[in-house]
Each structure stands twice: as structure tokens, then as C-alpha cells.
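Beneath this line is the structure, given in C-alpha cells, with notes to follow.
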Amino acid sequence: VLELRLSPGDILYREGDDNEFAYVIETGAVVLYRTEAGQRVYVEKRGAGSIIGELSILTSQPRAVTVEAVAPTTVYRISADRIRRRFEEIDPILRACIDTSINFASTFTQQKARSAADAPVAASTLRDAGKLIEEFRLETDILRGLDREEFSLLFQPIVELSDSRIVGCEALMRWRHPVLDNVSPEHFIRIAEKTGSIKQLTEFAIIDGCATLKRLKALDACPEGFFLSINVSGKDIGRRGFIDFLGFTLEANDLSPEDVKLEITETALIPDVAIADKNLKQLHDLGCGISIDDFGTGHSNFAYLKSLPLTSLKIDRAFAGDAHSNPVSQSIVKLLIKLGKDLDVDIIAEGVETSDDVATLRSLGCRFAQGYYYHKPIPESELASVISD
Ligand code: C2E
Ligand code: CA
Ligand code: CA
Ligand code: CA
């Protein structure tokens, strides 16, 4: 990722230039203007966090404006190729919609006389294009953010329902973005899975999670059998080298494979059960635990349970969280607990928030739980004292 520094008065690009890059303003501010009959026509001012130059790439038009820094400014650039490639990858219908709105928006911004009535339409079409553009931006930001240590892990304890004793914890990733602040993991993980940077994020979770576990062990803080659960994507387990990487990182931190479980969503396994089966068997041979995450929300194709080497099923909070009030959720939870017993795998209920949840899950014979009722996700510094209490 290339960063450029501009001083006030520096030109980033000029109206009529060919374009190779779009830019994200990191700090500072720029003004956009056109030149008409030798006169500058001011278009707008943009500050930190906004993207500039992407429309002319998607419309293959020369630059419509000149961009000049009006303060000490840092921008980083995104190549036209990458923007176009990402645009090609999206759903064709969505692409057609965005295409139309981009064309409309760019014509609109080039219009000299603007009618007030057009403004709301242009604003909403620009928002559609904006969503796509935000993805370009986050994709770049993820890799850059890893370099700058913007990512971290929180740890949410997992407890035994009978006595609330902590048996393990799940690592949950957080991203403190310099401009957007906290970006939800659901959002950035989805983008990372689409764009390939999930590899780096998962490696970060494994490296950081294992380092934490090593420190906790050195403090003698871990209860007997304590494990760390790490979320991995379906893309990870299918990748050549993933198992070697995991094995290497465990060894480098003096951990054994039983110290770690991998959480994989049901939806990640279903597309090709045969391949999932092969990959999970390798993980199993290494000795790591394997959890199916968000169990019950996938396609509920139970056939794969016969062959996969699983150690636990995590019941999604959609069911576990309202089993006390919703009879349908309750019978699903009952069914899953029975299934767990028959298959000899642990059942972990997610999203346990109230004492009603706890009472219901206990009465249904669920053994493990995780949720705000017990502990929120917490940083390593708090985890050490919580687990050694
Ligand atoms: P998940 O794996 O199902 O994680 C559980 C989510 O439920 C977490 O959200 C957690 O903070 C939240 N949660 C825990 N207890 C409660 C509760 O009592 N009530 C409610 N309402 N929520 C509760 P979070 O941390 O926002 O993570 C969201 C999702 O992002 C995760 O869902 C997981 O799919 C993904 N994710 C998070 N970290 C990673 C990671 O390191 N790698 C990968 N691949 N995915 C991750
Ligand atoms: Ca999980
Ligand atoms: Ca889950
Ligand atoms: Ca989830």
C-alpha cells in the first residue's frame, strides 16, 4: 500500500488526467474543483476517511476534477485494477444497479445547472455506490491495519453450567480502525473472506491467541484442561499449509494441540462435505479440538455429522438465548443436546444472558455455556484474574 504525503497547495491529480488510482484520505483535507473558462469552480472539500477518484475509474472517464491539498495531508492509494476486479466479482444484478447509479451520479456531478429536485435521488444512488466503495476501502485497510497493530483479541470465558467453573475461552477479534473506530467482526470477516485477507487475520488470531495462552500458563492461571477456541473460516481449513502453520505456532509457544479448539461454522463445511471431511481429519490427526459454530443455523444437513471428527457443537444464541420463552427453540435445544450425547460431543450453549436461560439449559441437561450472563469478552489482562479466581 503506497502512502503519499501532500503539503497545502500540492495537486493529487488534475481534471482531464488519465487515472490509475483511487485514494483514501487518511489525515488532512483536500478541495475538488473544475476549471471552466479559466475560472476555478469549487466542487467540494473532503476530509479524513473519504475516498476520492473511484468514480472516474469505474466509468473509465478522465478525471472530472482537480484535487488539491489544503492542509498537510496523507492519502493512500488503491489501484484501478483492484477496484475494477472487485467490481467484476460482485453479483451481476447488483453491479448493474451500481453501474447505473454511478453513471447517473457522475453525470449529475458534472452538470452545471443542478435542480434541487434531483438532489435526493443523486444522494441515494451515491449511497449504493458508497457501499461498494467502502468494501474496497476496508479491504486495503485490513492489511494495513495488521501492520499497524489495529487488531486485537478479546477472550470470552466458557463455563460449566453446573457450577459456573471456567473451562476455556473463545478468542474474538476486534478492529480499532483509525477513522471508523470499532468495525464489527461480522462485517470485516465477511469482507476478508471475500477478498482473501482472511488468511492473514486467521494467522493473527492463531499467533496472538497462542501467545496469550502461553503467558497465562506461565502465570499458572489456567485451570486443568483449559482450552482456547479460535474461530477459523472454511477457506482456512482448505488451504495448503494451514495445518503446518498451526502446528508450528503451537510448538513455538510450548502448547499442545489439545490446548486449542477450532470453531468452524456449519455453513463453511456444507458446500463440499468431502473436502471438509479430508481437512478436518488432518486437524483431528494433529490433535486439535473441532467445534461446529452456530450449530442449527446452517442447512441442518445432519448427514455430515456421521463422518466428521468433532469434539463440540455450539448451539447458536438464536436458540439457546430464548429456549426458556420459546417452545420451538426449546425443542430444538433439547434435540441438539440429545444429539450431542449420542455423538459423544460436548454441547456449548451460546448467548446465555439471563438466569432464566441458565435454569432452562440446566434442566435440559446442557453441560457448557457462554454468554454475557457469565462473562463478556474481555482483554487478556482481565482474563488472567477471572480464570484464576
Ligand atoms: P461467533 O463466533 O458466533 O461469536 C459469538 C458472538 O456472540 C461474539 O460476537 C460475542 O461477543 C457475542 N456474544 C457472546 N455472548 C453473548 C450474549 O450473551 N449475548 C449476545 N447478544 N451476544 C453475545 P462478536 O465478538 O461481535 O463476533 C461476531 C462474529 O464474528 C463471531 O460470531 C464470528 O463469527 C466472527 N469472528 C469474531 N472473531 C473472529 C476471528 O478471529 N476469526 C473469524 N474467522 N471470525 C471471527
Ligand atoms: Ca465462534
Ligand atoms: Ca457462534
Ligand atoms: Ca455467529
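Within each chain, counting starts at residue 1; across the C-alpha cells, chains are named A, B, ... in the order shown, with ligands numbered 1 upward in that order.
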
Using only C-alpha atoms and all ligand atoms, which residues of chain A come within 12 Å of ligand 4, and what is the closest atom pair for each, with the distance in Å to one decimal? Give it as CSV, sorted by chain and residue number.
residue,atom,partner,partner_atom_place_in_ligand_line,distance
A:Leu172,CA,ligand 4,1 (Ca),10.9
A:Ser184,CA,ligand 4,1 (Ca),11.8
A:Pro185,CA,ligand 4,1 (Ca),9.9
A:Glu186,CA,ligand 4,1 (Ca),7.9
A:His187,CA,ligand 4,1 (Ca),11.5
A:Ile189,CA,ligand 4,1 (Ca),11.2
A:Arg190,CA,ligand 4,1 (Ca),11.7
A:Asn231,CA,ligand 4,1 (Ca),10.1
A:Val232,CA,ligand 4,1 (Ca),12.0
A:Ser233,CA,ligand 4,1 (Ca),11.8
A:Glu263,CA,ligand 4,1 (Ca),10.5
A:Ile264,CA,ligand 4,1 (Ca),10.2
A:Thr265,CA,ligand 4,1 (Ca),8.1
A:Glu266,CA,ligand 4,1 (Ca),10.5
A:Thr267,CA,ligand 4,1 (Ca),10.9
A:Ile292,CA,ligand 4,1 (Ca),11.0
A:Asp293,CA,ligand 4,1 (Ca),7.2
A:Asp294,CA,ligand 4,1 (Ca),5.6
A:Phe295,CA,ligand 4,1 (Ca),9.3
A:Gly296,CA,ligand 4,1 (Ca),11.1
A:Thr297,CA,ligand 4,1 (Ca),9.2
A:Gly298,CA,ligand 4,1 (Ca),10.8
A:Lys314,CA,ligand 4,1 (Ca),9.9
A:Ile315,CA,ligand 4,1 (Ca),10.0
A:Asp316,CA,ligand 4,1 (Ca),7.0
A:Arg317,CA,ligand 4,1 (Ca),8.1
A:Ala318,CA,ligand 4,1 (Ca),9.4
A:Glu350,CA,ligand 4,1 (Ca),9.2
A:Gly351,CA,ligand 4,1 (Ca),9.8

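When only C-alpha atoms and all ligand atoms are used to compute distances to ligand 1, the closest of the residues A:Ile348, A:Ala29, A:Val75, A:Leu335 turns out to be A:Ile348.
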
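Comparing the minimum interatomic distances between Leu286 of chain A and each of A:Phe319, A:Val273, A:Val30, A:Leu250, counting only C-alpha atoms, we find that A:Leu250 sits nearest.
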
Which residues are near Pro62 of chain A? Cut-off 12 Å, only C-alpha atoms, ignore same chain within fewer than 2 positions. Put them as an NGL selection string. :A and (13-21 or 53-60 or 64-66 or 106)

Using the selection just defined, write its residues with C-alpha atoms as a PDB file, in the first residue's frame.
ATOM      1  CA  TYR A  13      -4.396  14.866  -9.780  1.00  0.00           C
ATOM      2  CA  ARG A  14      -5.789  17.213 -12.400  1.00  0.00           C
ATOM      3  CA  GLU A  15      -9.035  17.421 -14.297  1.00  0.00           C
ATOM      4  CA  GLY A  16      -8.636  15.566 -17.604  1.00  0.00           C
ATOM      5  CA  ASP A  17      -5.812  13.286 -16.346  1.00  0.00           C
ATOM      6  CA  ASP A  18      -5.986   9.582 -17.037  1.00  0.00           C
ATOM      7  CA  ASN A  19      -6.465   7.627 -13.907  1.00  0.00           C
ATOM      8  CA  GLU A  20      -4.658   4.737 -12.362  1.00  0.00           C
ATOM      9  CA  PHE A  21      -5.603   5.089  -8.732  1.00  0.00           C
ATOM     10  CA  GLY A  53     -11.160   9.262  -7.610  1.00  0.00           C
ATOM     11  CA  GLU A  54     -13.056   5.975  -7.683  1.00  0.00           C
ATOM     12  CA  LEU A  55     -15.936   7.121  -9.883  1.00  0.00           C
ATOM     13  CA  SER A  56     -13.763   8.012 -12.837  1.00  0.00           C
ATOM     14  CA  ILE A  57     -12.174   4.572 -12.648  1.00  0.00           C
ATOM     15  CA  LEU A  58     -15.492   2.746 -12.697  1.00  0.00           C
ATOM     16  CA  THR A  59     -16.812   4.934 -15.514  1.00  0.00           C
ATOM     17  CA  SER A  60     -13.465   4.894 -17.408  1.00  0.00           C
ATOM     18  CA  ALA A  64     -13.611  15.184 -13.722  1.00  0.00           C
ATOM     19  CA  VAL A  65     -11.992  17.411 -11.118  1.00  0.00           C
ATOM     20  CA  THR A  66      -8.652  18.632  -9.855  1.00  0.00           C
ATOM     21  CA  SER A 106     -21.151  11.194 -12.311  1.00  0.00           C
TER      22      SER A 106
END

Point-to-point distance in Å for atom CA of Gln156 of chain A and atom CA of Ser355 of chain A: 18.1 Å

Interatomic distance between atom CA of Ala218 of chain A and atom CA of Lys261 of chain A?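 Answer for the atom CA of Ala218 of chain A to atom CA of Lys261 of chain A separation: 20.0 Å.
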
Name the residues in contact with Glu139 of chain A at a cut-off of 7 Å, using only C-alpha atoms, excluding same-chain residues fewer than 2 positions from it; report them as a VMD selection string. chain A and resid 135 to 137 141 to 142 191 to 192 195

Run DSSP on the backbone and tell me which residues of segment 210-241 of chain A come out as helix (DSSP H, G or I); list them as JSON, numbers by chain. {"A": [210, 211, 212, 213, 214, 215, 216, 217, 218, 234, 235, 236, 237]}

Could you write out that same residue set with N, CA and C atoms as a tab-separated table (two decimals), in the first residue's frame?
chain	number	residue	atom	x	y	z
A	210	CYS	N	-2.33	-17.96	20.75
A	210	CYS	CA	-1.37	-18.91	21.33
A	210	CYS	C	-0.40	-18.19	22.27
A	211	ALA	N	0.00	-16.97	21.90
A	211	ALA	CA	0.92	-16.22	22.76
A	211	ALA	C	0.24	-15.90	24.09
A	212	THR	N	-1.04	-15.54	24.03
A	212	THR	CA	-1.79	-15.27	25.27
A	212	THR	C	-1.86	-16.52	26.14
A	213	LEU	N	-2.19	-17.63	25.50
A	213	LEU	CA	-2.31	-18.87	26.27
A	213	LEU	C	-0.98	-19.24	26.92
A	214	LYS	N	0.09	-19.01	26.20
A	214	LYS	CA	1.41	-19.31	26.76
A	214	LYS	C	1.66	-18.45	28.01
A	215	ARG	N	1.32	-17.16	27.92
A	215	ARG	CA	1.53	-16.27	29.08
A	215	ARG	C	0.64	-16.67	30.26
A	216	LEU	N	-0.60	-17.05	29.96
A	216	LEU	CA	-1.50	-17.46	31.04
A	216	LEU	C	-0.94	-18.70	31.75
A	217	LYS	N	-0.40	-19.60	30.95
A	217	LYS	CA	0.16	-20.81	31.55
A	217	LYS	C	1.37	-20.48	32.41
A	218	ALA	N	2.18	-19.53	31.92
A	218	ALA	CA	3.37	-19.15	32.68
A	218	ALA	C	2.98	-18.53	34.02
A	234	GLY	N	-14.01	-21.41	6.67
A	234	GLY	CA	-13.93	-22.59	5.82
A	234	GLY	C	-12.76	-22.49	4.85
A	235	LYS	N	-12.47	-21.25	4.43
A	235	LYS	CA	-11.36	-21.02	3.50
A	235	LYS	C	-10.03	-21.43	4.11
A	236	ASP	N	-9.90	-21.20	5.43
A	236	ASP	CA	-8.63	-21.51	6.10
A	236	ASP	C	-8.32	-22.99	6.07
A	237	ILE	N	-9.33	-23.77	6.48
A	237	ILE	CA	-9.01	-25.19	6.65
A	237	ILE	C	-8.74	-25.88	5.32

Restricting the calculation to only C-alpha atoms: of A:Pro72, A:Gly196, A:Pro178, A:Gly49, which residue gets closest to Leu6 of chain A?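 Among the listed residues, the smallest separation from Leu6 of chain A belongs to A:Pro72.
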
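All residues of protein, DNA or RNA that reach within 9 Å of Ala171 of chain A, judged by only C-alpha atoms and not counting those fewer than 5 positions away in the chain, are Leu153, Leu154, Phe155, Gln156, Ala205, Gly209, Leu228, Ser229, Ile230, Asn231 and Pro377 of chain A.
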
Hey, which of A:Val67, A:Ile158, A:Ile51, A:Ile337 ends up closest to ligand 2? Count only C-alpha atoms and all ligand atoms.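 The answer is A:Ile158, which sits nearest to ligand 2.
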
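Residues in contact with Phe227 of chain A at 8 Å, where only C-alpha atoms are counted and same-chain residues fewer than 3 positions away are skipped, are listed as Val167, Gly168, Cys169, Glu258, Asp259, Val260 and Lys261 of chain A.
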